[in-house]
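Engineer: Mind having a look at this structure? Questions to follow.
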Amino acid sequence: MSFSIKKQGEVVVVDVEGQLIVGNRQELKQKVLDELEKGEKKFLIDFSQTGYIDSSGLGVLVSLSKKIREQGGELRLANLNDDLQTLFELTKLDTLFQISDTRERALESF
Amino acid sequence: MADPHVAFDLEIPSDVEYIEGVVELARQRCRELKLSPTKCSLNVPVALSEALSNAILRGNGATGQQVRVRALVSDTDLVFEVVDEGPGFDLDQCTQDCTTEENLTKEEGRGLFLMRRLMDRVESFRNKGNVVRLTLHRE
């Protein structure tokens, strides 16, 4: 499991490879907060290579979304597979995030 | 009907780093049992991960040393039992609805809710430790 970060235009894109769970959520949080501290405002997390997400992982997404908004920025999500989409629907987090079905659509939406 | 058989029975150190390995083992068993893809890749991984992290972080906390996890298979059900050394908890009292407007933006509070939505039955009781039992119907 790992996170890779790259810049596409003005957007910081984070790929979550593997699981986003209690054991690695802090790593994701810190990487995104570091970019936020550098002045980045637009964030996209791409889940195309993600297995499953637990409640801690969902909690980190909620927390990051709040912090980014407080700094005048925005966090969007892309590429949830059917299971992840179900998870977001069960927890109603699909109503809290702007979710795109492809990375390209998400990038265009900023 | 045959008695349930033990698919695995492990003791792991009380450390969240061990969760992913146990979940992967559980997923393998699910695939061998030909459970539906969603049960293999969503229901079991998320619910078991929640039970294990609860046992490690809340049940054992700083003092517990081990977590025991067993998987039992019957003709109809797949059952996981996660046992920690903590005092236990009241499932109903501790489960909150994370989908309300008030709770939706909170960072925490989704674990028990997810366990109960993704499993067919979740029980908590004491038997040589605090046991959380997750039951999923195979069909």
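Every chain in the structure tokens has a letter given in the order shown (A, B, ...), and although residue numbers restart at 1 in each chain, ligands are simply numbered from 1 in the order shown.
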Sorted by chain and rising residue number, list the residues of chain B at most 6 Å from chain A (counting only C-alpha atoms), each with its closest atom pair and distance in Å to one decimal, as JSON lines.
Structural biologist:
{"residue": "B:Val16", "atom": "CA", "partner": "A:Gly23", "partner_atom": "CA", "distance": 5.6}
{"residue": "B:Glu17", "atom": "CA", "partner": "A:Gly23", "partner_atom": "CA", "distance": 5.6}
{"residue": "B:Leu42", "atom": "CA", "partner": "A:Asp83", "partner_atom": "CA", "distance": 5.8}
{"residue": "B:Val46", "atom": "CA", "partner": "A:Asp54", "partner_atom": "CA", "distance": 5.5}
{"residue": "B:Thr99", "atom": "CA", "partner": "A:Thr91", "partner_atom": "CA", "distance": 5.6}
{"residue": "B:Glu107", "atom": "CA", "partner": "A:Gly59", "partner_atom": "CA", "distance": 4.1}
{"residue": "B:Glu108", "atom": "CA", "partner": "A:Gly59", "partner_atom": "CA", "distance": 5.7}
{"residue": "B:Arg110", "atom": "CA", "partner": "A:Ser55", "partner_atom": "CA", "distance": 5.4}
{"residue": "B:Gly111", "atom": "CA", "partner": "A:Ser55", "partner_atom": "CA", "distance": 5.2}
Engineer: Which parts of segment 14-44 of chain B does DSSP call helix (DSSP H, G or I) when run on the backbone here, written out as JSON, numbers by chain?
Structural biologist: {"B": [16, 17, 18, 19, 20, 21, 22, 23, 24, 25, 26, 27, 28, 29, 30, 31, 32, 37, 38, 39, 40, 41, 42, 43, 44]}
Engineer: Generate a file of the selected residues that holds N, CA, C and O atoms, formatted as an mmCIF file, in the first residue's frame.
Structural biologist:
data_model
loop_
_atom_site.group_PDB
_atom_site.id
_atom_site.type_symbol
_atom_site.label_atom_id
_atom_site.label_comp_id
_atom_site.auth_asym_id
_atom_site.auth_seq_id
_atom_site.Cartn_x
_atom_site.Cartn_y
_atom_site.Cartn_z
ATOM 1 N N VAL B 16 -2.017 -2.466 14.764
ATOM 2 C CA VAL B 16 -2.816 -2.320 13.537
ATOM 3 C C VAL B 16 -2.061 -2.757 12.280
ATOM 4 O O VAL B 16 -2.683 -3.024 11.248
ATOM 5 N N GLU B 17 -0.759 -2.835 12.345
ATOM 6 C CA GLU B 17 0.014 -3.265 11.178
ATOM 7 C C GLU B 17 -0.322 -4.706 10.769
ATOM 8 O O GLU B 17 -0.045 -5.115 9.646
ATOM 9 N N TYR B 18 -0.893 -5.472 11.675
ATOM 10 C CA TYR B 18 -1.201 -6.877 11.382
ATOM 11 C C TYR B 18 -2.574 -7.060 10.728
ATOM 12 O O TYR B 18 -2.907 -8.154 10.282
ATOM 13 N N ILE B 19 -3.358 -5.997 10.699
ATOM 14 C CA ILE B 19 -4.743 -6.141 10.222
ATOM 15 C C ILE B 19 -4.790 -6.580 8.759
ATOM 16 O O ILE B 19 -5.539 -7.502 8.393
ATOM 17 N N GLU B 20 -4.012 -5.939 7.927
ATOM 18 C CA GLU B 20 -4.111 -6.204 6.486
ATOM 19 C C GLU B 20 -3.819 -7.671 6.156
ATOM 20 O O GLU B 20 -4.475 -8.263 5.297
ATOM 21 N N GLY B 21 -2.850 -8.259 6.859
ATOM 22 C CA GLY B 21 -2.516 -9.664 6.604
ATOM 23 C C GLY B 21 -3.660 -10.596 6.974
ATOM 24 O O GLY B 21 -3.963 -11.548 6.242
ATOM 25 N N VAL B 22 -4.306 -10.323 8.109
ATOM 26 C CA VAL B 22 -5.439 -11.163 8.526
ATOM 27 C C VAL B 22 -6.595 -11.013 7.540
ATOM 28 O O VAL B 22 -7.233 -12.000 7.142
ATOM 29 N N VAL B 23 -6.836 -9.786 7.121
ATOM 30 C CA VAL B 23 -7.930 -9.545 6.177
ATOM 31 C C VAL B 23 -7.650 -10.254 4.850
ATOM 32 O O VAL B 23 -8.555 -10.837 4.245
ATOM 33 N N GLU B 24 -6.413 -10.244 4.419
ATOM 34 C CA GLU B 24 -6.080 -10.927 3.160
ATOM 35 C C GLU B 24 -6.321 -12.437 3.274
ATOM 36 O O GLU B 24 -6.840 -13.065 2.351
ATOM 37 N N LEU B 25 -5.973 -12.988 4.431
ATOM 38 C CA LEU B 25 -6.230 -14.411 4.663
ATOM 39 C C LEU B 25 -7.741 -14.696 4.611
ATOM 40 O O LEU B 25 -8.189 -15.682 4.007
ATOM 41 N N ALA B 26 -8.514 -13.819 5.233
ATOM 42 C CA ALA B 26 -9.974 -13.985 5.233
ATOM 43 C C ALA B 26 -10.528 -13.893 3.812
ATOM 44 O O ALA B 26 -11.424 -14.658 3.426
ATOM 45 N N ARG B 27 -9.960 -12.979 3.022
ATOM 46 C CA ARG B 27 -10.427 -12.841 1.633
ATOM 47 C C ARG B 27 -10.136 -14.114 0.836
ATOM 48 O O ARG B 27 -10.957 -14.543 0.011
ATOM 49 N N GLN B 28 -8.977 -14.701 1.084
ATOM 50 C CA GLN B 28 -8.644 -15.964 0.396
ATOM 51 C C GLN B 28 -9.665 -17.037 0.736
ATOM 52 O O GLN B 28 -10.143 -17.769 -0.133
ATOM 53 N N ARG B 29 -10.014 -17.137 2.023
ATOM 54 C CA ARG B 29 -11.004 -18.146 2.438
ATOM 55 C C ARG B 29 -12.353 -17.878 1.767
ATOM 56 O O ARG B 29 -13.052 -18.795 1.356
ATOM 57 N N CYS B 30 -12.708 -16.602 1.680
ATOM 58 C CA CYS B 30 -13.984 -16.241 1.036
ATOM 59 C C CYS B 30 -14.003 -16.678 -0.419
ATOM 60 O O CYS B 30 -15.011 -17.193 -0.915
ATOM 61 N N ARG B 31 -12.871 -16.468 -1.084
ATOM 62 C CA ARG B 31 -12.802 -16.867 -2.507
ATOM 63 C C ARG B 31 -12.876 -18.390 -2.637
ATOM 64 O O ARG B 31 -13.556 -18.911 -3.520
ATOM 65 N N GLU B 32 -12.197 -19.098 -1.719
ATOM 66 C CA GLU B 32 -12.240 -20.567 -1.749
ATOM 67 C C GLU B 32 -13.666 -21.070 -1.511
ATOM 68 O O GLU B 32 -14.076 -22.087 -2.070
ATOM 69 N N PRO B 37 -18.400 -11.914 -5.186
ATOM 70 C CA PRO B 37 -17.273 -10.967 -5.250
ATOM 71 C C PRO B 37 -17.434 -9.806 -4.275
ATOM 72 O O PRO B 37 -16.454 -9.378 -3.650
ATOM 73 N N THR B 38 -18.639 -9.319 -4.096
ATOM 74 C CA THR B 38 -18.839 -8.181 -3.175
ATOM 75 C C THR B 38 -18.567 -8.589 -1.731
ATOM 76 O O THR B 38 -17.955 -7.834 -0.964
ATOM 77 N N LYS B 39 -18.988 -9.795 -1.364
ATOM 78 C CA LYS B 39 -18.705 -10.262 0.003
ATOM 79 C C LYS B 39 -17.197 -10.419 0.204
ATOM 80 O O LYS B 39 -16.670 -10.112 1.272
ATOM 81 N N CYS B 40 -16.513 -10.895 -0.845
ATOM 82 C CA CYS B 40 -15.059 -11.103 -0.738
ATOM 83 C C CYS B 40 -14.288 -9.786 -0.695
ATOM 84 O O CYS B 40 -13.235 -9.708 -0.063
ATOM 85 N N SER B 41 -14.771 -8.791 -1.398
ATOM 86 C CA SER B 41 -13.952 -7.581 -1.545
ATOM 87 C C SER B 41 -14.495 -6.372 -0.788
ATOM 88 O O SER B 41 -13.800 -5.363 -0.682
ATOM 89 N N LEU B 42 -15.717 -6.477 -0.262
ATOM 90 C CA LEU B 42 -16.266 -5.344 0.505
ATOM 91 C C LEU B 42 -16.695 -5.777 1.908
ATOM 92 O O LEU B 42 -16.123 -5.330 2.910
ATOM 93 N N ASN B 43 -17.715 -6.644 1.978
ATOM 94 C CA ASN B 43 -18.314 -6.963 3.280
ATOM 95 C C ASN B 43 -17.295 -7.499 4.274
ATOM 96 O O ASN B 43 -17.163 -6.983 5.397
ATOM 97 N N VAL B 44 -16.583 -8.549 3.856
ATOM 98 C CA VAL B 44 -15.644 -9.184 4.797
ATOM 99 C C VAL B 44 -14.442 -8.293 5.099
ATOM 100 O O VAL B 44 -14.123 -8.069 6.274
#
Engineer: Using DSSP on the backbone coordinates, identify the residues of segment 10-47 of chain B assigned to strand (DSSP E or B); present them as a PyMOL selection string.
Structural biologist: chain B and resi 10-13
Engineer: Give me, as a list in words, all polymer residues having an atom no more than 8 Å from Asp15 of chain A, counting only C-alpha atoms and skipping those fewer than 6 positions away in the same chain.
Structural biologist: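 Near neighbours after the sequence-gap exclusion: Phe3, Ser4, Ile5, Ile45, Asp46, Phe47, Ser48 and Gln49 of chain A.
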Engineer: For atom CA of Gly109 of chain B and atom CA of Gln96 of chain B, quote the distance in Å rounded to one decimal.
Structural biologist: 6.6 Å
Engineer: Identify, on the basis of only C-alpha atoms, every residue whose closest approach to segment 49-60 of chain B does not exceed 6 Å; exclude the query and any residue fewer than 2 positions from it along the same chain; express the result as an mmCIF file with N, CA, C and O atoms, in the first residue's frame.
Structural biologist:
data_model
loop_
_atom_site.group_PDB
_atom_site.id
_atom_site.type_symbol
_atom_site.label_atom_id
_atom_site.label_comp_id
_atom_site.auth_asym_id
_atom_site.auth_seq_id
_atom_site.Cartn_x
_atom_site.Cartn_y
_atom_site.Cartn_z
ATOM 1 N N SER B 14 -1.145 -7.012 19.314
ATOM 2 C CA SER B 14 -2.140 -5.938 19.315
ATOM 3 C C SER B 14 -1.563 -4.703 18.620
ATOM 4 O O SER B 14 -1.195 -3.719 19.256
ATOM 5 N N PRO B 45 -13.748 -7.754 4.083
ATOM 6 C CA PRO B 45 -12.570 -6.937 4.425
ATOM 7 C C PRO B 45 -12.891 -5.753 5.327
ATOM 8 O O PRO B 45 -12.176 -5.508 6.304
ATOM 9 N N VAL B 46 -13.955 -5.033 5.010
ATOM 10 C CA VAL B 46 -14.238 -3.819 5.805
ATOM 11 C C VAL B 46 -14.717 -4.196 7.207
ATOM 12 O O VAL B 46 -14.215 -3.677 8.208
ATOM 13 N N ALA B 47 -15.663 -5.129 7.296
ATOM 14 C CA ALA B 47 -16.207 -5.468 8.633
ATOM 15 C C ALA B 47 -15.127 -6.095 9.519
ATOM 16 O O ALA B 47 -15.016 -5.757 10.709
ATOM 17 N N THR B 63 -2.832 -1.493 26.853
ATOM 18 C CA THR B 63 -2.429 -2.553 27.783
ATOM 19 C C THR B 63 -2.479 -3.963 27.211
ATOM 20 O O THR B 63 -1.710 -4.823 27.624
ATOM 21 N N GLY B 64 -3.371 -4.202 26.257
ATOM 22 C CA GLY B 64 -3.539 -5.572 25.755
ATOM 23 C C GLY B 64 -2.362 -6.013 24.910
ATOM 24 O O GLY B 64 -1.700 -5.206 24.276
ATOM 25 N N ASP B 84 -10.504 -9.679 22.259
ATOM 26 C CA ASP B 84 -9.463 -8.834 22.839
ATOM 27 C C ASP B 84 -9.483 -8.983 24.357
ATOM 28 O O ASP B 84 -10.298 -9.710 24.919
ATOM 29 N N GLU B 85 -8.554 -8.282 25.016
ATOM 30 C CA GLU B 85 -8.398 -8.419 26.465
ATOM 31 C C GLU B 85 -9.055 -7.271 27.218
ATOM 32 O O GLU B 85 -8.799 -7.064 28.403
ATOM 33 N N GLY B 86 -9.897 -6.498 26.519
ATOM 34 C CA GLY B 86 -10.546 -5.337 27.134
ATOM 35 C C GLY B 86 -11.815 -5.703 27.879
ATOM 36 O O GLY B 86 -12.217 -6.867 27.912
ATOM 37 N N GLY B 111 -17.221 2.965 12.309
ATOM 38 C CA GLY B 111 -16.768 1.579 12.369
ATOM 39 C C GLY B 111 -17.866 0.576 12.704
ATOM 40 O O GLY B 111 -18.104 -0.378 11.950
#
Engineer: Set the distance at 8 Å and use only C-alpha atoms: which residues neighbour Phe97 of chain A once local chain neighbours fewer than 5 positions away are removed? I'd like the list as a list in words.
Structural biologist: Leu75, Arg76 and Leu77 of chain A
Engineer: Would you kindly return, as a ChimeraX atom specification, each protein, DNA or RNA residue with an atom no farther than 10 Å from any atom of segment 104-110 of chain A, considering only C-alpha atoms and excluding same-chain residues fewer than 6 positions away?
Structural biologist: /A:8-13,42-46,74-79,98
Engineer: Next, dump the selected residues to file, keeping only all heavy atoms, as a compact mmCIF listing (two decimals), in the first residue's frame.
Structural biologist:
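Result written to out_14.txt:
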# COMPACT_ATOMS: atom_id res chain seq x y z
N GLN A 8 -0.93 17.72 -11.73
CA GLN A 8 -1.45 17.78 -13.10
C GLN A 8 -2.09 19.14 -13.27
O GLN A 8 -3.19 19.39 -12.75
CB GLN A 8 -2.46 16.65 -13.35
CG GLN A 8 -1.75 15.32 -13.60
CD GLN A 8 -2.66 14.26 -14.17
OE1 GLN A 8 -2.83 13.20 -13.57
NE2 GLN A 8 -3.24 14.51 -15.34
N GLY A 9 -1.39 20.05 -13.97
CA GLY A 9 -1.86 21.43 -14.05
C GLY A 9 -1.82 22.04 -12.66
O GLY A 9 -0.79 21.98 -11.99
N GLU A 10 -2.97 22.55 -12.22
CA GLU A 10 -3.02 23.17 -10.89
C GLU A 10 -3.48 22.20 -9.81
O GLU A 10 -3.67 22.58 -8.66
CB GLU A 10 -4.00 24.35 -10.91
CG GLU A 10 -3.56 25.52 -11.76
CD GLU A 10 -4.52 26.69 -11.63
OE1 GLU A 10 -5.71 26.46 -11.30
OE2 GLU A 10 -4.07 27.82 -11.82
N VAL A 11 -3.70 20.95 -10.22
CA VAL A 11 -4.31 19.99 -9.29
C VAL A 11 -3.27 19.00 -8.75
O VAL A 11 -2.50 18.41 -9.53
CB VAL A 11 -5.45 19.21 -9.99
CG1 VAL A 11 -6.14 18.27 -9.00
CG2 VAL A 11 -6.47 20.16 -10.62
N VAL A 12 -3.27 18.83 -7.45
CA VAL A 12 -2.44 17.80 -6.82
C VAL A 12 -3.23 16.49 -6.88
O VAL A 12 -4.33 16.40 -6.32
CB VAL A 12 -2.11 18.15 -5.35
CG1 VAL A 12 -1.35 17.01 -4.69
CG2 VAL A 12 -1.31 19.44 -5.27
N VAL A 13 -2.68 15.50 -7.58
CA VAL A 13 -3.38 14.22 -7.74
C VAL A 13 -2.69 13.17 -6.87
O VAL A 13 -1.48 12.97 -6.95
CB VAL A 13 -3.37 13.76 -9.21
CG1 VAL A 13 -4.10 12.42 -9.35
CG2 VAL A 13 -4.01 14.81 -10.10
N LYS A 42 -6.02 22.76 -4.90
CA LYS A 42 -6.90 21.81 -5.59
C LYS A 42 -6.34 20.40 -5.46
O LYS A 42 -5.20 20.15 -5.88
CB LYS A 42 -7.03 22.20 -7.07
CG LYS A 42 -7.69 23.56 -7.27
CD LYS A 42 -7.70 23.94 -8.73
CE LYS A 42 -8.36 25.31 -8.89
NZ LYS A 42 -8.30 25.77 -10.29
N PHE A 43 -7.15 19.51 -4.92
CA PHE A 43 -6.70 18.13 -4.65
C PHE A 43 -7.67 17.12 -5.26
O PHE A 43 -8.89 17.27 -5.14
CB PHE A 43 -6.61 17.89 -3.15
CG PHE A 43 -5.52 18.68 -2.47
CD1 PHE A 43 -5.75 19.98 -2.05
CD2 PHE A 43 -4.26 18.13 -2.26
CE1 PHE A 43 -4.75 20.73 -1.43
CE2 PHE A 43 -3.26 18.86 -1.65
CZ PHE A 43 -3.50 20.16 -1.24
N LEU A 44 -7.10 16.12 -5.87
CA LEU A 44 -7.89 15.01 -6.40
C LEU A 44 -7.31 13.70 -5.87
O LEU A 44 -6.10 13.47 -6.01
CB LEU A 44 -7.85 15.03 -7.93
CG LEU A 44 -8.42 13.78 -8.63
CD1 LEU A 44 -9.89 13.60 -8.32
CD2 LEU A 44 -8.19 13.88 -10.13
N ILE A 45 -8.14 12.89 -5.26
CA ILE A 45 -7.68 11.55 -4.84
C ILE A 45 -8.30 10.53 -5.79
O ILE A 45 -9.52 10.48 -5.96
CB ILE A 45 -8.03 11.25 -3.37
CG1 ILE A 45 -7.39 12.31 -2.46
CG2 ILE A 45 -7.55 9.86 -2.99
CD1 ILE A 45 -7.59 12.08 -0.98
N ASP A 46 -7.42 9.76 -6.42
CA ASP A 46 -7.84 8.78 -7.42
C ASP A 46 -7.77 7.38 -6.79
O ASP A 46 -6.72 6.96 -6.31
CB ASP A 46 -6.90 8.88 -8.64
CG ASP A 46 -7.39 8.04 -9.80
OD1 ASP A 46 -7.89 6.92 -9.56
OD2 ASP A 46 -7.25 8.49 -10.95
N GLU A 74 -10.21 22.81 -2.45
CA GLU A 74 -11.23 21.80 -2.67
C GLU A 74 -10.62 20.41 -2.87
O GLU A 74 -9.58 20.28 -3.51
CB GLU A 74 -12.07 22.16 -3.90
CG GLU A 74 -13.34 21.35 -3.94
CD GLU A 74 -14.44 22.02 -4.74
OE1 GLU A 74 -14.23 23.15 -5.22
OE2 GLU A 74 -15.49 21.39 -4.90
N LEU A 75 -11.29 19.41 -2.32
CA LEU A 75 -10.88 18.01 -2.48
C LEU A 75 -11.96 17.28 -3.26
O LEU A 75 -13.14 17.33 -2.90
CB LEU A 75 -10.71 17.35 -1.10
CG LEU A 75 -10.51 15.84 -1.11
CD1 LEU A 75 -9.21 15.44 -1.81
CD2 LEU A 75 -10.51 15.29 0.32
N ARG A 76 -11.55 16.65 -4.35
CA ARG A 76 -12.49 15.83 -5.13
C ARG A 76 -11.94 14.41 -5.26
O ARG A 76 -10.76 14.18 -5.10
CB ARG A 76 -12.72 16.47 -6.50
CG ARG A 76 -13.43 17.81 -6.33
CD ARG A 76 -13.76 18.51 -7.60
NE ARG A 76 -14.39 19.79 -7.27
CZ ARG A 76 -14.69 20.73 -8.14
NH1 ARG A 76 -14.41 20.55 -9.41
NH2 ARG A 76 -15.27 21.83 -7.75
N LEU A 77 -12.86 13.50 -5.57
CA LEU A 77 -12.50 12.08 -5.63
C LEU A 77 -12.83 11.52 -7.02
O LEU A 77 -13.74 12.03 -7.69
CB LEU A 77 -13.28 11.28 -4.58
CG LEU A 77 -13.31 11.83 -3.15
CD1 LEU A 77 -14.15 10.93 -2.24
CD2 LEU A 77 -11.90 11.98 -2.58
N ALA A 78 -12.09 10.49 -7.41
CA ALA A 78 -12.36 9.88 -8.71
C ALA A 78 -12.13 8.37 -8.67
O ALA A 78 -11.39 7.88 -7.83
CB ALA A 78 -11.46 10.49 -9.79
N ASN A 79 -12.81 7.71 -9.61
CA ASN A 79 -12.57 6.29 -9.89
C ASN A 79 -12.91 5.35 -8.73
O ASN A 79 -12.14 4.42 -8.42
CB ASN A 79 -11.11 6.08 -10.29
CG ASN A 79 -10.88 6.34 -11.76
OD1 ASN A 79 -11.71 5.98 -12.59
ND2 ASN A 79 -9.77 6.99 -12.07
N GLN A 98 -17.57 15.57 -4.07
CA GLN A 98 -17.80 15.54 -5.50
C GLN A 98 -16.98 14.38 -6.07
O GLN A 98 -15.76 14.37 -5.95
CB GLN A 98 -17.40 16.85 -6.15
CG GLN A 98 -17.79 16.88 -7.62
CD GLN A 98 -17.75 18.27 -8.19
OE1 GLN A 98 -17.97 19.25 -7.51
NE2 GLN A 98 -17.44 18.36 -9.48
Engineer: Have a look at atom CA of Leu80 of chain A and atom CA of Thr102 of chain A and let me know their distance in Å, one decimal.
Structural biologist: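 So the answer is 8.8 Å.
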Engineer: I need the residue nearest Arg69 of chain A from this list: A:Arg103, A:Lys41, A:Gln26, A:Leu33. Use only C-alpha atoms for the distance.
Structural biologist: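 When distances to Arg69 of chain A are compared using only C-alpha atoms, the smallest one comes from A:Lys41.
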Engineer: Interatomic distance between atom CA of Glu81 of chain B and atom CA of Met119 of chain B?
Structural biologist: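 If I compute the distance from atom CA of Glu81 of chain B to atom CA of Met119 of chain B, I get 12.6 Å.
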